[in-house]
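Peer 1: So here's target_2.txt, just compact mmCIF, C-alpha atoms:
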# COMPACT_ATOMS: atom_id res chain seq x y z
CA MET A 1 17.25 11.20 18.69
CA THR A 2 20.52 13.02 19.32
CA ASP A 3 21.44 13.14 15.63
CA ALA A 4 19.79 16.19 14.09
CA GLY A 5 19.68 14.48 10.67
CA ILE A 6 17.32 11.80 11.91
CA GLY A 7 14.88 14.05 13.74
CA SER A 8 13.88 16.23 10.82
CA LEU A 9 12.76 15.42 7.31
CA THR A 10 15.57 17.38 5.66
CA VAL A 11 19.27 17.29 6.45
CA PRO A 12 20.61 20.50 8.08
CA VAL A 13 23.26 20.83 5.34
CA ALA A 14 20.53 21.84 2.91
CA ALA A 15 18.76 24.19 5.30
CA GLY A 16 19.17 27.88 4.61
CA ILE A 17 20.38 27.46 1.03
CA PRO A 18 17.70 28.34 -1.58
CA ILE A 19 16.56 25.30 -3.56
CA SER A 20 17.77 26.91 -6.80
CA GLU A 21 21.34 27.10 -5.49
CA ARG A 22 21.73 23.60 -4.10
CA GLY A 23 22.89 21.98 -7.33
CA PRO A 24 21.73 18.56 -8.48
CA ALA A 25 19.62 16.57 -6.03
CA SER A 26 21.30 13.76 -4.10
CA THR A 27 21.12 10.21 -5.42
CA ARG A 28 18.81 9.38 -2.53
CA THR A 29 16.27 12.04 -3.53
CA VAL A 30 16.40 11.02 -7.20
CA VAL A 31 16.10 7.30 -6.43
CA SER A 32 13.15 7.77 -4.09
CA PHE A 33 11.39 9.99 -6.65
CA GLY A 34 11.94 7.42 -9.41
CA PHE A 35 10.61 4.68 -7.17
CA TRP A 36 7.64 6.86 -6.27
CA LEU A 37 6.80 7.08 -10.00
CA PHE A 38 6.92 3.27 -10.21
CA LEU A 39 4.58 3.01 -7.22
CA LEU A 40 2.09 5.40 -8.81
CA SER A 41 2.09 3.37 -12.05
CA ASP A 42 1.55 0.24 -9.95
CA ILE A 43 -1.42 1.95 -8.29
CA VAL A 44 -2.81 2.71 -11.77
CA ILE A 45 -2.76 -1.08 -12.45
CA PHE A 46 -4.75 -1.58 -9.26
CA SER A 47 -7.18 1.18 -10.30
CA ALA A 48 -8.00 -0.80 -13.45
CA LEU A 49 -8.70 -3.89 -11.31
CA PHE A 50 -10.80 -1.79 -8.90
CA ALA A 51 -12.78 -0.43 -11.87
CA ALA A 52 -13.40 -3.99 -13.13
CA TYR A 53 -14.52 -5.04 -9.64
CA ALA A 54 -16.82 -2.03 -9.25
CA VAL A 55 -18.51 -2.85 -12.58
CA LEU A 56 -18.80 -6.61 -11.97
CA SER A 57 -19.49 -6.73 -8.22
CA LYS A 58 -23.25 -7.30 -8.74
CA GLN A 59 -22.87 -9.89 -11.55
CA THR A 60 -23.00 -13.02 -9.40
CA ALA A 61 -24.64 -15.26 -12.08
CA GLY A 62 -26.83 -16.88 -9.41
CA GLY A 63 -23.75 -17.73 -7.34
CA PRO A 64 -22.89 -16.54 -3.84
CA ALA A 65 -22.61 -12.76 -3.24
CA GLY A 66 -19.93 -11.02 -1.23
CA ALA A 67 -22.01 -10.63 1.94
CA GLN A 68 -22.37 -14.44 2.21
CA LEU A 69 -18.72 -15.21 1.41
CA PHE A 70 -16.67 -12.73 3.42
CA ASP A 71 -15.85 -13.24 7.08
CA LEU A 72 -15.14 -9.78 8.52
CA ARG A 73 -13.17 -11.13 11.52
CA HIS A 74 -10.81 -12.86 9.09
CA VAL A 75 -10.37 -9.63 7.12
CA PHE A 76 -9.89 -7.62 10.32
CA LEU A 77 -7.02 -9.94 11.30
CA GLU A 78 -5.44 -9.64 7.83
CA THR A 79 -5.75 -5.84 7.97
CA PHE A 80 -4.00 -5.70 11.34
CA CYS A 81 -1.19 -8.04 10.22
CA LEU A 82 -0.48 -5.72 7.28
CA LEU A 83 -0.84 -2.50 9.29
CA ILE A 84 1.49 -3.62 12.09
CA SER A 85 3.98 -4.97 9.52
CA SER A 86 3.93 -1.54 7.87
CA PHE A 87 4.80 -0.02 11.24
CA THR A 88 7.61 -2.51 11.98
CA CYS A 89 8.95 -1.87 8.47
CA GLY A 90 9.18 1.80 9.49
CA LEU A 91 11.06 0.85 12.67
CA CYS A 92 13.39 -1.28 10.51
CA LEU A 93 14.10 1.78 8.35
CA LEU A 94 14.90 3.82 11.48
CA ALA A 95 17.37 1.08 12.49
CA VAL A 96 18.92 1.34 8.99
CA GLU A 97 19.30 5.12 9.46
CA ARG A 98 21.11 4.48 12.76
CA ARG A 99 23.22 1.67 11.23
CA ALA A 100 22.06 -0.72 13.98
CA ALA A 101 22.44 -4.14 12.32
CA THR A 102 20.87 -6.25 15.11
CA ARG A 103 17.72 -4.14 15.17
CA ILE A 104 17.55 -4.19 11.35
CA TYR A 105 17.46 -8.00 11.40
CA ALA A 106 15.00 -8.10 14.32
CA TRP A 107 12.46 -5.70 12.76
CA SER A 108 12.94 -7.28 9.30
CA ILE A 109 12.07 -10.69 10.73
CA VAL A 110 9.00 -9.28 12.54
CA THR A 111 7.88 -7.60 9.29
CA LEU A 112 8.53 -10.82 7.38
CA LEU A 113 6.49 -12.91 9.83
CA LEU A 114 3.55 -10.47 9.85
CA GLY A 115 3.59 -10.27 6.05
CA ALA A 116 3.75 -14.06 5.79
CA SER A 117 0.79 -14.44 8.16
CA PHE A 118 -1.16 -11.97 5.99
CA VAL A 119 -0.41 -14.07 2.88
CA SER A 120 -1.26 -17.35 4.63
CA LEU A 121 -4.56 -15.92 5.94
CA GLU A 122 -5.40 -14.82 2.41
CA VAL A 123 -4.43 -18.18 0.88
CA SER A 124 -6.59 -20.02 3.45
CA GLU A 125 -9.50 -17.69 2.63
CA PHE A 126 -9.10 -18.36 -1.11
CA ALA A 127 -8.78 -22.12 -0.57
CA ASP A 128 -11.90 -22.13 1.60
CA MET A 129 -13.87 -20.23 -1.08
CA ILE A 130 -12.71 -22.53 -3.89
CA VAL A 131 -13.55 -25.67 -1.87
CA HIS A 132 -17.08 -24.33 -1.30
CA GLY A 133 -17.62 -23.83 -5.04
CA ALA A 134 -16.90 -20.09 -5.12
CA GLY A 135 -13.75 -20.14 -7.25
CA PRO A 136 -12.80 -17.53 -9.85
CA THR A 137 -14.70 -19.44 -12.57
CA ARG A 138 -18.06 -19.29 -10.73
CA SER A 139 -19.14 -15.76 -11.71
CA ALA A 140 -17.87 -12.47 -13.12
CA PHE A 141 -18.00 -11.05 -9.59
CA LEU A 142 -15.68 -13.79 -8.29
CA SER A 143 -13.31 -13.44 -11.29
CA ALA A 144 -12.95 -9.73 -10.53
CA PHE A 145 -12.55 -10.46 -6.81
CA PHE A 146 -9.78 -13.03 -7.28
CA ALA A 147 -8.00 -10.83 -9.85
CA LEU A 148 -7.98 -7.78 -7.54
CA VAL A 149 -7.24 -9.41 -4.18
CA GLY A 150 -4.91 -11.99 -5.79
CA THR A 151 -2.83 -9.27 -7.48
CA HIS A 152 -2.45 -7.52 -4.14
CA GLY A 153 -1.47 -10.80 -2.47
CA MET A 154 1.13 -11.45 -5.18
CA HIS A 155 2.59 -7.99 -4.59
CA VAL A 156 2.86 -8.75 -0.86
CA THR A 157 4.56 -12.09 -1.64
CA ALA A 158 7.04 -10.31 -3.94
CA GLY A 159 7.67 -7.79 -1.14
CA LEU A 160 8.46 -10.63 1.27
CA CYS A 161 11.04 -12.04 -1.19
CA TRP A 162 12.51 -8.55 -1.56
CA LEU A 163 12.80 -8.12 2.22
CA ALA A 164 14.57 -11.48 2.54
CA ILE A 165 17.02 -10.38 -0.19
CA MET A 166 17.57 -7.05 1.62
CA MET A 167 18.51 -8.93 4.81
CA LEU A 168 21.03 -10.97 2.80
CA GLN A 169 22.42 -7.77 1.27
CA VAL A 170 22.91 -6.18 4.69
CA ALA A 171 24.80 -9.33 5.72
CA THR A 172 26.98 -9.54 2.59
CA LEU A 173 27.31 -5.96 1.24
CA GLY A 174 26.99 -4.02 4.48
CA LEU A 175 25.10 -0.78 4.95
CA ARG A 176 26.59 1.11 2.03
CA PRO A 177 24.49 3.99 0.61
CA MET A 178 23.21 1.76 -2.20
CA VAL A 179 21.79 -0.78 0.29
CA VAL A 180 20.32 2.01 2.43
CA ARG A 181 18.55 3.43 -0.64
CA ARG A 182 17.16 -0.01 -1.50
CA PHE A 183 15.83 -0.32 2.04
CA TRP A 184 14.19 3.07 1.61
CA CYS A 185 12.55 1.91 -1.66
CA PHE A 186 11.40 -1.30 0.01
CA SER A 187 9.72 0.65 2.80
CA LEU A 188 7.94 2.85 0.21
CA PHE A 189 6.76 -0.31 -1.60
CA TRP A 190 5.52 -1.92 1.61
CA HIS A 191 3.64 1.18 2.79
CA ALA A 192 2.10 1.60 -0.70
CA LEU A 193 0.79 -2.00 -0.51
CA ASP A 194 -0.86 -1.15 2.79
CA LEU A 195 -2.36 1.92 1.09
CA VAL A 196 -3.86 -0.30 -1.65
CA TRP A 197 -5.15 -2.70 1.03
CA ILE A 198 -7.19 0.16 2.57
CA GLY A 199 -8.99 0.40 -0.76
CA VAL A 200 -9.41 -3.39 -0.94
CA PHE A 201 -10.91 -3.89 2.50
CA THR A 202 -13.13 -0.81 2.22
CA ILE A 203 -14.50 -1.42 -1.27
CA VAL A 204 -14.45 -5.23 -1.49
CA TYR A 205 -15.04 -6.51 2.04
CA LEU A 206 -16.83 -3.71 3.89
CA GLY A 207 -18.58 -2.54 0.71
CA ALA A 208 -20.23 -5.96 0.37
CA ARG A 209 -21.92 -5.38 3.75
CA ALA A 210 -22.89 -1.74 3.22
CA MET B 1 27.19 11.76 -5.51
CA THR B 2 28.56 10.37 -2.28
CA PRO B 3 32.20 9.28 -2.24
CA GLY B 4 31.06 5.97 -0.70
CA ASP B 5 29.14 5.11 -3.87
CA GLU B 6 32.33 4.15 -5.67
CA ALA B 7 33.91 2.12 -2.84
CA PRO B 8 32.96 -1.52 -3.42
CA ALA B 9 34.70 -3.27 -0.53
CA ALA B 10 34.94 -0.83 2.36
CA PRO B 11 34.06 -2.16 5.85
CA LYS B 12 30.69 -1.58 7.53
CA ASP B 13 29.94 1.88 8.98
CA ALA B 14 32.58 3.38 6.72
CA TRP B 15 30.12 5.57 4.86
CA PRO B 16 29.35 8.92 6.43
CA ASP B 17 25.67 9.75 6.55
CA ILE B 18 25.81 12.83 4.34
CA GLU B 19 23.33 12.00 1.60
CA GLU B 20 20.51 14.49 1.47
CA GLY B 21 16.94 13.39 1.11
CA PRO B 22 13.83 12.34 2.97
CA ARG B 23 14.46 10.85 6.44
CA PRO B 24 12.28 8.56 8.53
CA ASN B 25 11.11 9.81 11.89
CA ALA B 26 10.17 7.60 14.87
CA GLN B 27 7.49 9.97 16.12
CA SER B 28 5.70 10.04 12.76
CA TYR B 29 5.47 6.21 12.71
CA TRP B 30 3.90 6.13 16.18
CA VAL B 31 1.38 8.87 15.34
CA GLY B 32 0.63 7.16 12.01
CA LEU B 33 0.10 3.78 13.68
CA GLY B 34 -2.25 5.25 16.30
CA LEU B 35 -4.37 7.11 13.75
CA ALA B 36 -4.42 4.16 11.33
CA ILE B 37 -5.60 1.75 14.07
CA LEU B 38 -8.35 4.18 15.13
CA LEU B 39 -9.56 4.66 11.55
CA THR B 40 -9.42 0.92 10.76
CA ILE B 41 -11.49 0.06 13.84
CA ALA B 42 -13.90 2.89 12.96
CA SER B 43 -14.47 1.60 9.42
CA PHE B 44 -15.00 -2.02 10.55
CA ALA B 45 -17.32 -0.86 13.36
CA VAL B 46 -19.39 1.21 10.90
CA ALA B 47 -19.76 -1.74 8.51
CA ALA B 48 -20.28 -4.55 11.04
CA THR B 49 -22.64 -2.94 13.55
CA HIS B 50 -25.93 -1.23 12.84
CA GLY B 51 -25.16 1.82 14.94
CA VAL B 52 -25.13 4.14 11.93
CA TRP B 53 -28.10 5.10 9.74
CA ALA B 54 -27.80 2.52 6.92
CA PRO B 55 -27.91 4.82 3.82
CA SER B 56 -25.01 6.86 5.18
CA VAL B 57 -22.67 3.84 5.59
CA PRO B 58 -21.04 3.92 2.09
CA VAL B 59 -20.29 7.65 2.36
CA LEU B 60 -18.89 7.22 5.87
CA LEU B 61 -16.71 4.30 4.74
CA ALA B 62 -15.35 6.36 1.83
CA VAL B 63 -14.54 9.29 4.13
CA VAL B 64 -12.75 7.07 6.67
CA ALA B 65 -10.80 5.26 3.91
CA ILE B 66 -9.65 8.54 2.32
CA ALA B 67 -8.62 9.83 5.76
CA GLN B 68 -6.61 6.66 6.40
CA MET B 69 -4.91 6.91 3.00
CA GLY B 70 -3.96 10.48 3.93
CA VAL B 71 -2.54 9.25 7.26
CA HIS B 72 -0.45 6.62 5.43
CA LEU B 73 0.83 9.14 2.88
CA VAL B 74 1.87 11.70 5.48
CA PHE B 75 3.15 9.53 8.34
CA PHE B 76 4.42 6.40 6.55
CA LEU B 77 5.28 7.55 3.01
CA HIS B 78 6.64 10.92 4.24
CA VAL B 79 4.77 13.10 1.75
CA SER B 80 5.04 16.61 3.20
CA SER B 81 4.82 20.23 2.15
CA SER B 82 8.60 20.69 2.21
CA PRO B 83 10.31 21.79 -1.03
CA ASP B 84 11.87 18.31 -1.29
CA SER B 85 8.38 16.85 -1.73
CA THR B 86 7.22 19.18 -4.53
CA ASN B 87 7.89 16.69 -7.32
CA THR B 88 6.46 13.85 -5.23
CA ILE B 89 3.22 15.78 -4.70
CA LEU B 90 2.96 16.72 -8.39
CA ALA B 91 3.39 13.06 -9.37
CA LEU B 92 0.86 12.05 -6.71
CA ALA B 93 -1.68 14.57 -8.03
CA PHE B 94 -1.26 13.17 -11.55
CA GLY B 95 -1.58 9.62 -10.19
CA ILE B 96 -4.83 10.48 -8.38
CA PHE B 97 -6.12 12.10 -11.59
CA VAL B 98 -5.39 8.97 -13.66
CA VAL B 99 -6.89 6.66 -11.01
CA ALA B 100 -10.08 8.76 -10.82
CA LEU B 101 -10.31 8.87 -14.61
CA VAL B 102 -9.94 5.08 -14.95
CA VAL B 103 -12.28 4.13 -12.09
CA PHE B 104 -15.10 6.66 -12.54
CA GLY B 105 -14.77 6.72 -16.33
CA THR B 106 -15.19 2.94 -16.46
CA MET B 107 -18.11 3.00 -14.05
CA ILE B 108 -19.99 5.75 -15.96
CA ILE B 109 -19.44 4.15 -19.38
CA MET B 110 -20.36 0.63 -18.23
CA GLU B 111 -23.46 1.88 -16.38
CA ASN B 112 -24.56 3.74 -19.50
CA LEU B 113 -24.00 0.68 -21.72
CA ASP B 114 -25.85 -1.50 -19.23
CA ALA B 115 -28.83 0.87 -19.20
CA GLN B 116 -29.01 0.92 -23.03
CA ALA B 117 -28.34 -2.78 -23.60
CA VAL B 118 -31.21 -4.99 -24.73
CA SER B 119 -31.81 -7.83 -22.28
CA MET B 120 -31.50 -11.45 -23.43
CA GLU B 121 -35.25 -12.15 -23.18
CA GLU B 122 -36.14 -9.10 -25.26
CA LEU B 123 -33.57 -10.13 -27.85
CA MET B 124 -35.12 -13.61 -28.10
CA ARG B 125 -38.60 -12.09 -28.43
CA MET B 126 -37.44 -9.80 -31.24
CA GLN B 127 -35.99 -12.72 -33.21
CA ARG B 128 -39.22 -14.65 -33.15
Represent the structure from my file as structure tokens, please.
Peer 2:
Amino acid sequence: MTDAGIGSLTVPVAAGIPISERGPASTRTVVSFGFWLFLLSDIVIFSALFAAYAVLSKQTAGGPAGAQLFDLRHVFLETFCLLISSFTCGLCLLAVERRAATRIYAWSIVTLLLGASFVSLEVSEFADMIVHGAGPTRSAFLSAFFALVGTHGMHVTAGLCWLAIMMLQVATLGLRPMVVRRFWCFSLFWHALDLVWIGVFTIVYLGARA
Amino acid sequence: MTPGDEAPAAPKDAWPDIEEGPRPNAQSYWVGLGLAILLTIASFAVAATHGVWAPSVPVLLAVVAIAQMGVHLVFFLHVSSSPDSTNTILALAFGIFVVALVVFGTMIIMENLDAQAVSMEELMRMQR
């Protein structure tokens, strides 16, 4: 933490100058704001799926209800995979800031493995439910459940592909500002998915017990 | 615009780190991880054990989830009160507004329709 630019949220160059006199914002600020808008619109998609789930969660059509289907230990493991991967993604971003290529690859691979174990846990949960006759066609509740949790799982899978591509870009393009900005956007995406997962495990899994 | 943006084939580490903008911070990730783990364990403990008065569980879960979302926003997504974050916070406020409108609007309307709907048995009786 010797570099002052890493320790604080704003770069010292900008400190002291009033915001009205700094001129146009840097590409980094503009890119992260644009990506933030994308993330919020993505969260609006999830809000529609959450609304559908909230309305349909009691419509089991005589089929199994959430309390019988969900294994909280399984969900706890999934939650921790995603939370720790969010943290290692942050450490990866710190390595990007310090231009430390070895640590970027190391933390990227850890993040990739944790994300992949989250997806595989979720796929095994879905497969288990479908085998026991609780597939998305069984009831409106299960349709809403698979749509909501499945959309989140697909986002995580897309994030894993993105991270793999980012590792290739570091290897081929090097840590030019463009690649650094993409890493920044990836970390925002990954943390936002963890944010959505808080809603999923609280409303879907823990809510079924409450 | 950074001069490095236009250089397509310069070697690694050739770009000076002068771009302004939000920066990650090791300390914030550690604090965020600690708080997030505590809140996650708290929410699972509340739901799985019967240590809490049952009718209060949904409210408690909602409070813990909102707190954890706040932790993620501040420590992982770097939303802060600095002038750089003003636009981010405005967009976030609008996002929360739309999400609340969609979720609670849907729930109120569907509950109302459900309460007014004629059940299948009654419908059959009326047709007879």
Peer 1: Rounded to one decimal in Å, what is the spacing between CA of Cys89 in chain A and CA of Phe126 in chain A?
Peer 2: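 Rounded to one decimal, the two atoms are 26.3 Å apart.
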Peer 1: Name the residues in contact with Leu206 in chain A at a cut-off of 9 Å, using all atoms listed in the file, excluding same-chain residues fewer than 3 positions from it; report them as a list in words.
Peer 2: Ala67, Leu72, Val200, Phe201, Thr202, Ile203, Arg209 and Ala210 of chain A; Ser43, Phe44, Val46, Ala47, Ala48, Pro58 and Leu61 of chain B
Peer 1: Please write the residues from the selection above to a file, keeping C-alpha atoms, as a compact mmCIF listing (two decimals), in the frame of the given file.
Peer 2:
# COMPACT_ATOMS: atom_id res chain seq x y z
CA ALA A 67 -22.01 -10.63 1.94
CA LEU A 72 -15.14 -9.78 8.52
CA VAL A 200 -9.41 -3.39 -0.94
CA PHE A 201 -10.91 -3.89 2.50
CA THR A 202 -13.13 -0.81 2.22
CA ILE A 203 -14.50 -1.42 -1.27
CA ARG A 209 -21.92 -5.38 3.75
CA ALA A 210 -22.89 -1.74 3.22
CA SER B 43 -14.47 1.60 9.42
CA PHE B 44 -15.00 -2.02 10.55
CA VAL B 46 -19.39 1.21 10.90
CA ALA B 47 -19.76 -1.74 8.51
CA ALA B 48 -20.28 -4.55 11.04
CA PRO B 58 -21.04 3.92 2.09
CA LEU B 61 -16.71 4.30 4.74
Peer 1: Using all atoms listed in the file, which chain A residues lie at most 8 Å away from chain B, written as a PyMOL selection string?
Peer 2: chain A and resi 5-11+13-14+19+25-29+33+36-37+40-41+43-44+47-48+50-52+54-55+72+76+83-84+87+90-91+93-94+97+99+174-178+188+191-192+195+198-199+202+206-207+209-210
Peer 1: In Å, how far is it from CA of Leu112 in chain A to CA of Pro136 in chain A?
Peer 2: 28.2 Å
Peer 1: So how far away is CA of Leu69 in chain A from CA of Met129 in chain A, in Å?
Peer 2: 7.4 Å
Peer 1: Within 12 Å of range 56-64 of chain A, which residues of range 75-175 of chain A come that close, and what is the closest atom pair and distance in Å for each? Count only C-alpha atoms and give it as CSV.
Peer 2:
residue,atom,partner,partner_atom,distance
A:Met129,CA,A:Pro64,CA,10.1
A:Ile130,CA,A:Pro64,CA,11.8
A:His132,CA,A:Pro64,CA,10.0
A:Gly133,CA,A:Gly63,CA,8.9
A:Ala134,CA,A:Pro64,CA,7.1
A:Gly135,CA,A:Gly63,CA,10.3
A:Pro136,CA,A:Thr60,CA,11.2
A:Thr137,CA,A:Gly63,CA,10.6
A:Arg138,CA,A:Gly63,CA,6.8
A:Ser139,CA,A:Thr60,CA,5.3
A:Ala140,CA,A:Gln59,CA,5.8
A:Phe141,CA,A:Ser57,CA,4.8
A:Leu142,CA,A:Thr60,CA,7.4
A:Ser143,CA,A:Leu56,CA,8.8
A:Ala144,CA,A:Leu56,CA,6.8
A:Phe145,CA,A:Ser57,CA,8.0
A:Phe146,CA,A:Ser57,CA,11.6
A:Ala147,CA,A:Leu56,CA,11.8
A:Leu148,CA,A:Ser57,CA,11.6
Peer 1: For range 75-78 of chain A, what centre and edge lengths in Å (one decimal) does the axis-aligned box get once 6 Å is added on each side of all its listed atoms, as AutoDock Vina command-line options?
Peer 2:
--center_x -7.9 --center_y -8.8 --center_z 9.2 --size_x 16.9 --size_y 14.3 --size_z 16.2
